[in-house]
Every structure is written in structure tokens, then in C-alpha cells.
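Inspection log for the structure reproduced underneath, given as C-alpha cells.
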Amino acid sequence: MGLGEFRNRVILQSLSTSTDAGGGQYNESWGNSATVWAKVENLTGTENLFGDQLRGVSSYRFIIRYNSSITEKFRLSFNSKVFQINHIKNIYEGKNRYQEILANEGVAT
């Protein structure tokens with residue numbers, strides 16, 4: 001895999017929680033953890049009925065350099081779109097060079 005294929009900037013975001021000054025209310029917000037170069041591929045797109053609304057969901061594959069901190073609890077931001085991570089796979093197991101991330105766009109988070 002050539003580094004020239006990694007031509008898209010992707011932001012890795014993690015969810016953080018905090019309490020208010022009174023100590024009772026939890027606030028959740030997504031914060032940027034890292035910005036990485038990635039190879040991005042659109043795999044599939046579907047439409048389904050959710051309640052009374054038609055909703056489109058697209059599946060994407062992101063390939064990035066190995067990052068030990070990323071988990072399925074993260075999400076990705078690419079071209080002003082948000083992607084929910086479904087699966088992370090170490091491409092060259094044991095060598096820790098690249099990770100394949102399968103993610104969906106259009107899913108409520």
C-alpha cells in the first residue's frame with residue numbers, strides 16, 4: 001500500500017463527559033482527538049424507512065496508519081460528514097502498520 005493513496009484528511013473524535021457546576025447534570029460532547037491522512041472508499045449505499053421517514057445510510061472504508069488509541073467508541077469526521085465506526089481491523093496483524101475502519105454515514109449518534 002503506497003502512502004500516495006492516503007490523500008484525505010480525517011478527524012478522529014472521541015466522546016467526553018463532564019458534570020455541571022452543581023454536580024448532577026452530565027454533559028456529553030465530541031472532541032477532536034487526532035487528524036490523520038486516510039484512504040477513503042465508499043462501499044455501499046442503502047435507503048430504508050425509519051419511522052415515517054426515508055433515511056439513507058452509506059458504508060465507507062477508511063484505511064489509516066496504525067493508531068493504538070482508536071476504538072469503536074470513536075467517530076470519524078470527513079468532508080463535514082460524521083461517520084459511526086462499526087469495526088476496526090489491523091491489516092498486517094503483529095506489524096501495526098495500517099488499520100481498516102468500517103464506518104457508516106447517516107446513522108444517528
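Chain labels follow the order of the C-alpha cells: the first chain is A, the next B, and so on; residue numbering restarts at 1 in every chain, and ligands are counted from 1 in their shown order.
The environment of region 3-11 of chain A within 9 Å, counting only C-alpha atoms and disregarding residues fewer than 6 places along the same chain, consists of Asn32, Ser33, Ala34, Thr35, Val36, Trp37, Ala38, Lys39, Val40, Phe62, Ile63, Ile64, Arg75, Leu76, Ser77, Phe78 and Asn79 of chain A.
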Contacts of Arg61 (chain A) at 6 Å (only C-alpha atoms; same-chain gap of 6+ positions) as a PDB file with C-alpha atoms, in the first residue's frame:
ATOM      1  CA  VAL A  40     -11.356   6.609   1.816  1.00  0.00           C
ATOM      2  CA  GLU A  41     -13.670   4.340  -0.204  1.00  0.00           C
ATOM      3  CA  ILE A 101     -12.038   1.127   9.689  1.00  0.00           C
ATOM      4  CA  LEU A 102     -15.538   0.262   8.513  1.00  0.00           C
TER       5      LEU A 102
END
Problem - Selected residue, from A:Gly24, A:Ile70, A:Thr19, A:Gly56, that lies nearest to Lys89 (chain A) when counting only C-alpha atoms - result: A:Ile70
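Checking A:Ser80, A:Thr44, A:Thr71, A:Gln25 one by one against Ser59 (chain A), counting only C-alpha atoms, you find the shortest gap at A:Thr44.
For Ala103 (chain A), the non-local neighbours within 6 Å, defined as residues at least 4 positions apart in the same chain or in other chains and counting only C-alpha atoms, are Ser59, Tyr60, Phe83, Gln84, Ile85 and Asn86 of chain A.
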Got time to write the residues from that selection, C-alpha atoms, as a short mmCIF file (atom, residue, chain, number, x, y, z; two decimals), in the first residue's frame?
data_model
loop_
_atom_site.label_atom_id
_atom_site.label_comp_id
_atom_site.auth_asym_id
_atom_site.auth_seq_id
_atom_site.Cartn_x
_atom_site.Cartn_y
_atom_site.Cartn_z
CA SER A 59 -20.93 2.38 4.25
CA TYR A 60 -17.32 3.53 3.95
CA PHE A 83 -19.27 8.50 10.46
CA GLN A 84 -20.07 5.98 13.17
CA ILE A 85 -17.34 3.31 13.48
CA ASN A 86 -18.55 -0.30 13.19
#
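Distance annotation: of A:Asn42, A:Ser16, A:Asn96, A:Asn48, the residue with the minimal separation from Lys73 (chain A) is A:Ser16; atom set is only C-alpha atoms.
Proximity to Gly31 (chain A) was assessed for A:Lys95, A:Gln53, A:Leu12, A:Tyr66 counting only C-alpha atoms; the smallest distance is recorded for A:Leu12.
Atom to atom, CA of Met1 (chain A) and CA of Glu93 (chain A) stand 14.9 Å apart.
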Exercise for the section: Run DSSP on the backbone and give me the residues of region 12-78 of chain A it puts in strand (DSSP E or B), as a PyMOL selection string. Expected result: chain A and resi 12-19+26-50+53-65+75-78
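The space between CA of His87 (chain A) and CA of Arg65 (chain A) spans 15.5 Å.
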